[in-house]
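Novice: Supplied structure: input35.txt, compact mmCIF, N, CA and C atoms.
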# COMPACT_ATOMS: atom_id res chain seq x y z
N MET A 287 -5.23 -6.74 -10.96
CA MET A 287 -4.77 -7.56 -9.86
C MET A 287 -5.40 -8.95 -9.91
N PHE A 288 -6.53 -9.11 -10.49
CA PHE A 288 -7.23 -10.38 -10.45
C PHE A 288 -7.03 -11.23 -11.70
N LYS A 289 -5.94 -10.95 -12.43
CA LYS A 289 -5.60 -11.77 -13.59
C LYS A 289 -4.90 -13.04 -13.14
N LYS A 290 -4.89 -14.05 -13.98
CA LYS A 290 -4.25 -15.31 -13.63
C LYS A 290 -2.73 -15.19 -13.56
N GLU A 291 -2.18 -14.31 -14.39
CA GLU A 291 -0.72 -14.20 -14.45
C GLU A 291 -0.26 -12.91 -13.77
N PHE A 292 0.89 -13.00 -13.08
CA PHE A 292 1.45 -11.85 -12.37
C PHE A 292 2.00 -10.84 -13.38
N ASP A 293 1.66 -9.57 -13.19
CA ASP A 293 2.09 -8.50 -14.09
C ASP A 293 3.20 -7.70 -13.42
N THR A 294 4.43 -7.83 -13.91
CA THR A 294 5.58 -7.14 -13.31
C THR A 294 5.66 -5.67 -13.71
N SER A 295 4.78 -5.21 -14.58
CA SER A 295 4.85 -3.81 -15.04
C SER A 295 3.92 -2.88 -14.24
N TYR A 296 3.42 -3.35 -13.10
CA TYR A 296 2.54 -2.50 -12.29
C TYR A 296 3.31 -1.28 -11.77
N VAL A 297 2.58 -0.25 -11.37
CA VAL A 297 3.18 0.98 -10.86
C VAL A 297 3.36 0.86 -9.35
N GLY A 298 4.56 1.18 -8.89
CA GLY A 298 4.86 1.15 -7.45
C GLY A 298 6.02 2.07 -7.15
N PHE A 299 6.33 2.22 -5.88
CA PHE A 299 7.40 3.11 -5.45
C PHE A 299 8.78 2.48 -5.62
N MET A 300 9.71 3.28 -6.13
CA MET A 300 11.13 2.94 -6.09
C MET A 300 11.65 3.45 -4.74
N LYS A 301 12.85 3.04 -4.36
CA LYS A 301 13.41 3.43 -3.06
C LYS A 301 13.46 4.95 -2.90
N ASP A 302 13.91 5.67 -3.93
CA ASP A 302 14.04 7.13 -3.79
C ASP A 302 12.67 7.80 -3.65
N GLY A 303 11.66 7.27 -4.29
CA GLY A 303 10.31 7.82 -4.15
C GLY A 303 9.77 7.58 -2.74
N ALA A 304 10.02 6.39 -2.22
CA ALA A 304 9.59 6.08 -0.85
C ALA A 304 10.30 6.98 0.15
N GLU A 305 11.61 7.19 -0.05
CA GLU A 305 12.38 8.07 0.83
C GLU A 305 11.83 9.49 0.80
N TRP A 306 11.51 9.99 -0.39
CA TRP A 306 10.99 11.35 -0.51
C TRP A 306 9.66 11.47 0.23
N LEU A 307 8.80 10.49 0.05
CA LEU A 307 7.48 10.52 0.69
C LEU A 307 7.62 10.52 2.22
N VAL A 308 8.50 9.68 2.74
CA VAL A 308 8.70 9.59 4.19
C VAL A 308 9.27 10.89 4.75
N LYS A 309 10.24 11.48 4.07
CA LYS A 309 10.94 12.66 4.59
C LYS A 309 10.21 13.98 4.35
N ASN A 310 9.37 14.07 3.32
CA ASN A 310 8.82 15.35 2.91
C ASN A 310 7.31 15.51 3.03
N THR A 311 6.62 14.52 3.57
CA THR A 311 5.17 14.64 3.69
C THR A 311 4.71 14.17 5.06
N ASP A 312 3.46 14.44 5.35
CA ASP A 312 2.83 13.95 6.58
C ASP A 312 1.86 12.82 6.29
N ILE A 313 2.02 12.19 5.14
CA ILE A 313 1.14 11.09 4.74
C ILE A 313 1.27 9.94 5.75
N LYS A 314 0.14 9.40 6.16
CA LYS A 314 0.12 8.34 7.17
C LYS A 314 -0.25 6.97 6.60
N LEU A 315 -0.81 6.95 5.37
CA LEU A 315 -1.23 5.68 4.78
C LEU A 315 -1.01 5.73 3.27
N VAL A 316 -0.44 4.67 2.73
CA VAL A 316 -0.27 4.52 1.28
C VAL A 316 -1.00 3.24 0.89
N GLY A 317 -1.96 3.37 -0.02
CA GLY A 317 -2.71 2.22 -0.49
C GLY A 317 -2.56 2.06 -1.99
N ILE A 318 -2.61 0.82 -2.44
CA ILE A 318 -2.46 0.54 -3.88
C ILE A 318 -3.38 -0.62 -4.24
N ASP A 319 -3.84 -0.60 -5.48
CA ASP A 319 -4.75 -1.64 -5.93
C ASP A 319 -4.01 -2.77 -6.66
N TYR A 320 -2.80 -3.08 -6.19
CA TYR A 320 -2.08 -4.25 -6.68
C TYR A 320 -1.41 -4.92 -5.49
N LEU A 321 -0.56 -5.87 -5.73
CA LEU A 321 -0.02 -6.71 -4.66
C LEU A 321 1.09 -6.07 -3.84
N SER A 322 1.66 -4.95 -4.32
CA SER A 322 2.76 -4.32 -3.60
C SER A 322 2.80 -2.83 -3.86
N VAL A 323 3.14 -2.04 -2.82
CA VAL A 323 3.34 -0.60 -3.02
C VAL A 323 4.71 -0.33 -3.65
N ALA A 324 5.58 -1.32 -3.59
CA ALA A 324 6.93 -1.18 -4.15
C ALA A 324 6.97 -1.68 -5.59
N ALA A 325 7.74 -0.98 -6.43
CA ALA A 325 7.91 -1.41 -7.82
C ALA A 325 8.58 -2.78 -7.86
N TYR A 326 8.24 -3.57 -8.84
CA TYR A 326 8.77 -4.93 -8.96
C TYR A 326 10.29 -4.94 -8.97
N ASP A 327 10.91 -3.96 -9.62
CA ASP A 327 12.37 -3.91 -9.73
C ASP A 327 13.05 -3.39 -8.46
N ASP A 328 12.28 -3.00 -7.44
CA ASP A 328 12.85 -2.40 -6.24
C ASP A 328 12.07 -2.82 -5.00
N LEU A 329 11.65 -4.08 -4.94
CA LEU A 329 10.75 -4.55 -3.89
C LEU A 329 11.27 -4.37 -2.47
N ILE A 330 12.41 -4.96 -2.17
CA ILE A 330 12.92 -4.96 -0.80
C ILE A 330 13.35 -3.56 -0.34
N PRO A 331 14.19 -2.84 -1.12
CA PRO A 331 14.61 -1.51 -0.65
C PRO A 331 13.44 -0.56 -0.40
N SER A 332 12.45 -0.56 -1.25
CA SER A 332 11.30 0.33 -1.08
C SER A 332 10.51 -0.03 0.17
N HIS A 333 10.25 -1.30 0.37
CA HIS A 333 9.52 -1.72 1.57
C HIS A 333 10.30 -1.36 2.83
N LEU A 334 11.60 -1.55 2.82
CA LEU A 334 12.39 -1.23 4.00
C LEU A 334 12.29 0.24 4.37
N VAL A 335 12.31 1.12 3.39
CA VAL A 335 12.18 2.56 3.66
C VAL A 335 10.87 2.83 4.39
N PHE A 336 9.77 2.27 3.88
CA PHE A 336 8.47 2.49 4.52
C PHE A 336 8.41 1.85 5.91
N LEU A 337 8.91 0.64 6.03
CA LEU A 337 8.75 -0.10 7.28
C LEU A 337 9.70 0.32 8.38
N GLU A 338 10.89 0.81 8.03
CA GLU A 338 11.85 1.23 9.05
C GLU A 338 11.35 2.42 9.85
N GLY A 339 10.69 3.36 9.18
CA GLY A 339 10.16 4.53 9.87
C GLY A 339 8.93 4.22 10.70
N ARG A 340 8.17 3.22 10.33
CA ARG A 340 6.94 2.80 11.02
C ARG A 340 5.93 3.93 11.17
N GLU A 341 6.00 4.94 10.32
CA GLU A 341 5.04 6.04 10.41
C GLU A 341 4.01 5.99 9.31
N ILE A 342 4.29 5.27 8.24
CA ILE A 342 3.34 5.16 7.13
C ILE A 342 2.82 3.72 7.08
N ILE A 343 1.51 3.60 7.10
CA ILE A 343 0.86 2.30 7.02
C ILE A 343 0.73 1.93 5.54
N LEU A 344 1.11 0.71 5.19
CA LEU A 344 0.99 0.23 3.82
C LEU A 344 -0.24 -0.65 3.69
N VAL A 345 -1.07 -0.36 2.69
CA VAL A 345 -2.25 -1.18 2.40
C VAL A 345 -2.15 -1.63 0.95
N GLU A 346 -1.98 -2.91 0.78
CA GLU A 346 -1.79 -3.48 -0.56
C GLU A 346 -2.98 -4.36 -0.92
N GLY A 347 -3.25 -4.45 -2.21
CA GLY A 347 -4.32 -5.31 -2.69
C GLY A 347 -5.72 -4.73 -2.55
N LEU A 348 -5.82 -3.41 -2.58
CA LEU A 348 -7.14 -2.78 -2.50
C LEU A 348 -7.95 -3.04 -3.77
N LYS A 349 -9.23 -3.25 -3.62
CA LYS A 349 -10.11 -3.39 -4.78
C LYS A 349 -10.91 -2.09 -4.90
N LEU A 350 -10.50 -1.25 -5.85
CA LEU A 350 -11.07 0.08 -5.99
C LEU A 350 -11.89 0.24 -7.27
N ASP A 351 -12.18 -0.85 -7.96
CA ASP A 351 -12.86 -0.80 -9.25
C ASP A 351 -14.17 -0.02 -9.23
N ASP A 352 -14.97 -0.20 -8.20
CA ASP A 352 -16.31 0.40 -8.17
C ASP A 352 -16.39 1.66 -7.32
N VAL A 353 -15.24 2.17 -6.88
CA VAL A 353 -15.23 3.37 -6.04
C VAL A 353 -15.26 4.62 -6.92
N GLN A 354 -16.24 5.47 -6.68
CA GLN A 354 -16.36 6.72 -7.43
C GLN A 354 -15.36 7.74 -6.90
N PRO A 355 -14.82 8.60 -7.77
CA PRO A 355 -13.91 9.65 -7.29
C PRO A 355 -14.57 10.50 -6.22
N GLY A 356 -13.79 10.92 -5.24
CA GLY A 356 -14.34 11.73 -4.17
C GLY A 356 -13.46 11.71 -2.95
N ILE A 357 -13.93 12.34 -1.90
CA ILE A 357 -13.20 12.37 -0.64
C ILE A 357 -13.87 11.39 0.31
N TYR A 358 -13.07 10.51 0.90
CA TYR A 358 -13.56 9.47 1.78
C TYR A 358 -12.74 9.42 3.05
N ASP A 359 -13.33 8.91 4.11
CA ASP A 359 -12.60 8.46 5.29
C ASP A 359 -12.35 6.98 5.07
N VAL A 360 -11.16 6.54 5.39
CA VAL A 360 -10.86 5.11 5.26
C VAL A 360 -10.56 4.55 6.65
N HIS A 361 -11.18 3.42 6.91
CA HIS A 361 -10.95 2.71 8.17
C HIS A 361 -10.42 1.33 7.82
N CYS A 362 -9.27 0.98 8.38
CA CYS A 362 -8.65 -0.31 8.10
C CYS A 362 -8.73 -1.17 9.36
N LEU A 363 -9.36 -2.30 9.23
CA LEU A 363 -9.61 -3.18 10.37
C LEU A 363 -8.74 -4.43 10.26
N PRO A 364 -7.60 -4.46 10.98
CA PRO A 364 -6.68 -5.61 10.87
C PRO A 364 -7.08 -6.76 11.79
N LEU A 365 -6.61 -7.94 11.43
CA LEU A 365 -6.70 -9.08 12.33
C LEU A 365 -5.54 -8.98 13.32
N ARG A 366 -5.75 -9.34 14.55
CA ARG A 366 -4.66 -9.34 15.52
C ARG A 366 -3.93 -10.68 15.42
N LEU A 367 -2.70 -10.62 14.93
CA LEU A 367 -1.88 -11.82 14.78
C LEU A 367 -0.61 -11.64 15.61
N LEU A 368 -0.45 -12.42 16.65
CA LEU A 368 0.71 -12.31 17.52
C LEU A 368 1.99 -12.65 16.77
N GLY A 369 3.01 -11.80 16.93
CA GLY A 369 4.32 -12.06 16.33
C GLY A 369 4.40 -11.79 14.84
N ALA A 370 3.35 -11.23 14.24
CA ALA A 370 3.35 -10.98 12.80
C ALA A 370 3.74 -9.53 12.52
N GLU A 371 4.36 -9.31 11.36
CA GLU A 371 4.72 -7.94 10.97
C GLU A 371 3.65 -7.30 10.10
N GLY A 372 2.66 -8.06 9.73
CA GLY A 372 1.57 -7.55 8.90
C GLY A 372 0.33 -8.39 9.14
N SER A 373 -0.77 -7.99 8.53
CA SER A 373 -2.02 -8.69 8.76
C SER A 373 -2.97 -8.43 7.61
N PRO A 374 -3.81 -9.41 7.28
CA PRO A 374 -4.91 -9.11 6.35
C PRO A 374 -5.83 -8.09 7.03
N ILE A 375 -6.41 -7.20 6.23
CA ILE A 375 -7.31 -6.18 6.77
C ILE A 375 -8.56 -6.07 5.91
N ARG A 376 -9.57 -5.49 6.47
CA ARG A 376 -10.77 -5.10 5.73
C ARG A 376 -10.80 -3.59 5.77
N CYS A 377 -10.78 -2.95 4.61
CA CYS A 377 -10.86 -1.48 4.54
C CYS A 377 -12.28 -1.06 4.27
N ILE A 378 -12.72 -0.06 4.97
CA ILE A 378 -14.06 0.48 4.80
C ILE A 378 -13.94 1.95 4.41
N LEU A 379 -14.59 2.33 3.31
CA LEU A 379 -14.62 3.72 2.89
C LEU A 379 -15.94 4.35 3.33
N ILE A 380 -15.87 5.53 3.90
CA ILE A 380 -17.07 6.27 4.29
C ILE A 380 -17.02 7.63 3.61
N LYS A 381 -18.05 7.92 2.82
CA LYS A 381 -18.09 9.19 2.08
C LYS A 381 -18.64 10.30 2.93
So that I can check it, write out the structure of this file as structure tokens.

Specialist:
Amino acid sequence: MFKKEFDTSYVGFMKDGAEWLVKNTDIKLVGIDYLSVAAYDDLIPSHLVFLEGREIILVEGLKLDDVQPGIYDVHCLPLRLLGAEGSPIRCILIK
């Protein structure tokens, strides 16, 4: 994520994968360590699936390089921005 040039080959959700996740799981948060949870070739449709239901929180741009494998509680602390559909956040992992 921290390279100078944008990499369009990153892994993300296609629309059908997002639909399956929304309809078949109780997942409440999807986080990714790149700029989008949606695949580059399917940006808008995938985001719309997640955002229309408003049940899954999307966290993009996570820096997970130094996180050891394990089970954590994650706390996401957003900025309150009036009239915005999203916000920068600070995520805190607690082991």

Novice: May I have the residues within 5 Å of segment 323-336 of chain A as number ranges by chain, using all atoms listed in the file and disregarding those fewer than 5 positions away in the same chain?

Specialist: A: 298-301

Novice: Using Å and a single decimal, report how far atom CA of Leu337 of chain A sits from atom CA of Leu350 of chain A.

Specialist: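 Calculated distance between atom CA of Leu350 of chain A and atom CA of Leu337 of chain A is 23.9 Å.
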
Novice: Counting only C-alpha atoms, I want the residues whose atoms come within 12 Å of (1.7, -0.3, 11.8) in the file frame, returned as a list in words.

Specialist: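 Answer for this query, in the requested form: Lys314, Leu315, Val316, Phe336, Leu337, Glu338, Gly339, Arg340, Glu341, Ile342, Ile343, Leu344, Val345, Cys362, Leu363, Pro364, Arg366, Ala370, Glu371, Gly372, Ser373 and Ile375 of chain A.
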
Novice: Of the candidates A:Glu291, A:Asp359, A:Glu346, A:Asp351, which shows the shortest atom-to-atom distance to Tyr320 of chain A, using only C-alpha atoms?

Specialist: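 The answer is A:Glu346, which sits nearest to Tyr320 of chain A.
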
Novice: To test your reading of the structure, identify every residue in chain A that backbone DSSP assigns to strand (DSSP E), and report it as a list of chain:residue names.

Specialist: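 Answer for chain A restricted to strand (DSSP E) is A:Leu315, A:Val316, A:Gly317, A:Ile343, A:Leu344, A:Val345, A:Asp359, A:Val360, A:His361, A:Cys362, A:Leu363, A:Pro364, A:Ile375, A:Arg376, A:Cys377, A:Ile378, A:Leu379, A:Ile380.
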
Novice: What is the atom C of Asp319 of chain A-atom CA of Lys349 of chain A distance in Å, reported with one decimal?

Specialist: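 We find that atom C of Asp319 of chain A and atom CA of Lys349 of chain A lie 6.4 Å from each other.
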
Novice: Between atom CA of Asp293 of chain A and atom CA of Val360 of chain A, measure the distance and give it in Å to one decimal.

Specialist: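 Interatomic distance, atom CA of Asp293 of chain A to atom CA of Val360 of chain A: 27.0 Å.
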
Novice: Between A:Gly369, A:Lys381, A:Lys309, A:Pro374, which residue has the minimum interatomic distance to Gly356 of chain A, considering all atoms listed in the file?

Specialist: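 For Gly356 of chain A, the nearest of the given residues is A:Lys381.
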
Novice: So which bits of segment 289-366 of chain A end up alpha helix (DSSP H) when you DSSP the backbone, as a PDB file with N, CA and C atoms, in the frame of the given file?

Specialist:
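Result file is selection19.pdb:
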ATOM      1  N   LYS A 301      12.850   3.040  -4.360  1.00  0.00           N
ATOM      2  CA  LYS A 301      13.410   3.430  -3.060  1.00  0.00           C
ATOM      3  C   LYS A 301      13.460   4.950  -2.900  1.00  0.00           C
ATOM      4  N   ASP A 302      13.910   5.670  -3.930  1.00  0.00           N
ATOM      5  CA  ASP A 302      14.040   7.130  -3.790  1.00  0.00           C
ATOM      6  C   ASP A 302      12.670   7.800  -3.650  1.00  0.00           C
ATOM      7  N   GLY A 303      11.660   7.270  -4.290  1.00  0.00           N
ATOM      8  CA  GLY A 303      10.310   7.820  -4.150  1.00  0.00           C
ATOM      9  C   GLY A 303       9.770   7.580  -2.740  1.00  0.00           C
ATOM     10  N   ALA A 304      10.020   6.390  -2.220  1.00  0.00           N
ATOM     11  CA  ALA A 304       9.590   6.080  -0.850  1.00  0.00           C
ATOM     12  C   ALA A 304      10.300   6.980   0.150  1.00  0.00           C
ATOM     13  N   GLU A 305      11.610   7.190  -0.050  1.00  0.00           N
ATOM     14  CA  GLU A 305      12.380   8.070   0.830  1.00  0.00           C
ATOM     15  C   GLU A 305      11.830   9.490   0.800  1.00  0.00           C
ATOM     16  N   TRP A 306      11.510   9.990  -0.390  1.00  0.00           N
ATOM     17  CA  TRP A 306      10.990  11.350  -0.510  1.00  0.00           C
ATOM     18  C   TRP A 306       9.660  11.470   0.230  1.00  0.00           C
ATOM     19  N   LEU A 307       8.800  10.490   0.050  1.00  0.00           N
ATOM     20  CA  LEU A 307       7.480  10.520   0.690  1.00  0.00           C
ATOM     21  C   LEU A 307       7.620  10.520   2.220  1.00  0.00           C
ATOM     22  N   VAL A 308       8.500   9.680   2.740  1.00  0.00           N
ATOM     23  CA  VAL A 308       8.700   9.590   4.190  1.00  0.00           C
ATOM     24  C   VAL A 308       9.270  10.890   4.750  1.00  0.00           C
ATOM     25  N   LYS A 309      10.240  11.480   4.070  1.00  0.00           N
ATOM     26  CA  LYS A 309      10.940  12.660   4.590  1.00  0.00           C
ATOM     27  C   LYS A 309      10.210  13.980   4.350  1.00  0.00           C
ATOM     28  N   ASN A 310       9.370  14.070   3.320  1.00  0.00           N
ATOM     29  CA  ASN A 310       8.820  15.350   2.910  1.00  0.00           C
ATOM     30  C   ASN A 310       7.310  15.510   3.030  1.00  0.00           C
ATOM     31  N   LEU A 329      11.650  -4.080  -4.940  1.00  0.00           N
ATOM     32  CA  LEU A 329      10.750  -4.550  -3.890  1.00  0.00           C
ATOM     33  C   LEU A 329      11.270  -4.370  -2.470  1.00  0.00           C
ATOM     34  N   ILE A 330      12.410  -4.960  -2.170  1.00  0.00           N
ATOM     35  CA  ILE A 330      12.920  -4.960  -0.800  1.00  0.00           C
ATOM     36  C   ILE A 330      13.350  -3.560  -0.340  1.00  0.00           C
ATOM     37  N   PRO A 331      14.190  -2.840  -1.120  1.00  0.00           N
ATOM     38  CA  PRO A 331      14.610  -1.510  -0.650  1.00  0.00           C
ATOM     39  C   PRO A 331      13.440  -0.560  -0.400  1.00  0.00           C
ATOM     40  N   SER A 332      12.450  -0.560  -1.250  1.00  0.00           N
ATOM     41  CA  SER A 332      11.300   0.330  -1.080  1.00  0.00           C
ATOM     42  C   SER A 332      10.510  -0.030   0.170  1.00  0.00           C
ATOM     43  N   HIS A 333      10.250  -1.300   0.370  1.00  0.00           N
ATOM     44  CA  HIS A 333       9.520  -1.720   1.570  1.00  0.00           C
ATOM     45  C   HIS A 333      10.300  -1.360   2.830  1.00  0.00           C
ATOM     46  N   LEU A 334      11.600  -1.550   2.820  1.00  0.00           N
ATOM     47  CA  LEU A 334      12.390  -1.230   4.000  1.00  0.00           C
ATOM     48  C   LEU A 334      12.290   0.240   4.370  1.00  0.00           C
ATOM     49  N   VAL A 335      12.310   1.120   3.390  1.00  0.00           N
ATOM     50  CA  VAL A 335      12.180   2.560   3.660  1.00  0.00           C
ATOM     51  C   VAL A 335      10.870   2.830   4.390  1.00  0.00           C
ATOM     52  N   PHE A 336       9.770   2.270   3.880  1.00  0.00           N
ATOM     53  CA  PHE A 336       8.470   2.490   4.520  1.00  0.00           C
ATOM     54  C   PHE A 336       8.410   1.850   5.910  1.00  0.00           C
ATOM     55  N   LEU A 337       8.910   0.640   6.030  1.00  0.00           N
ATOM     56  CA  LEU A 337       8.750  -0.100   7.280  1.00  0.00           C
ATOM     57  C   LEU A 337       9.700   0.320   8.380  1.00  0.00           C
ATOM     58  N   GLU A 338      10.890   0.810   8.030  1.00  0.00           N
ATOM     59  CA  GLU A 338      11.850   1.230   9.050  1.00  0.00           C
ATOM     60  C   GLU A 338      11.350   2.420   9.850  1.00  0.00           C
ATOM     61  N   GLY A 339      10.690   3.360   9.180  1.00  0.00           N
ATOM     62  CA  GLY A 339      10.160   4.530   9.870  1.00  0.00           C
ATOM     63  C   GLY A 339       8.930   4.220  10.700  1.00  0.00           C
TER      64      GLY A 339
END

Novice: Between A:Ile378, A:Gly347, A:Tyr358, A:Ser322, which residue has the minimum interatomic distance to Val297 of chain A, considering only N, CA and C atoms?

Specialist: A:Ser322
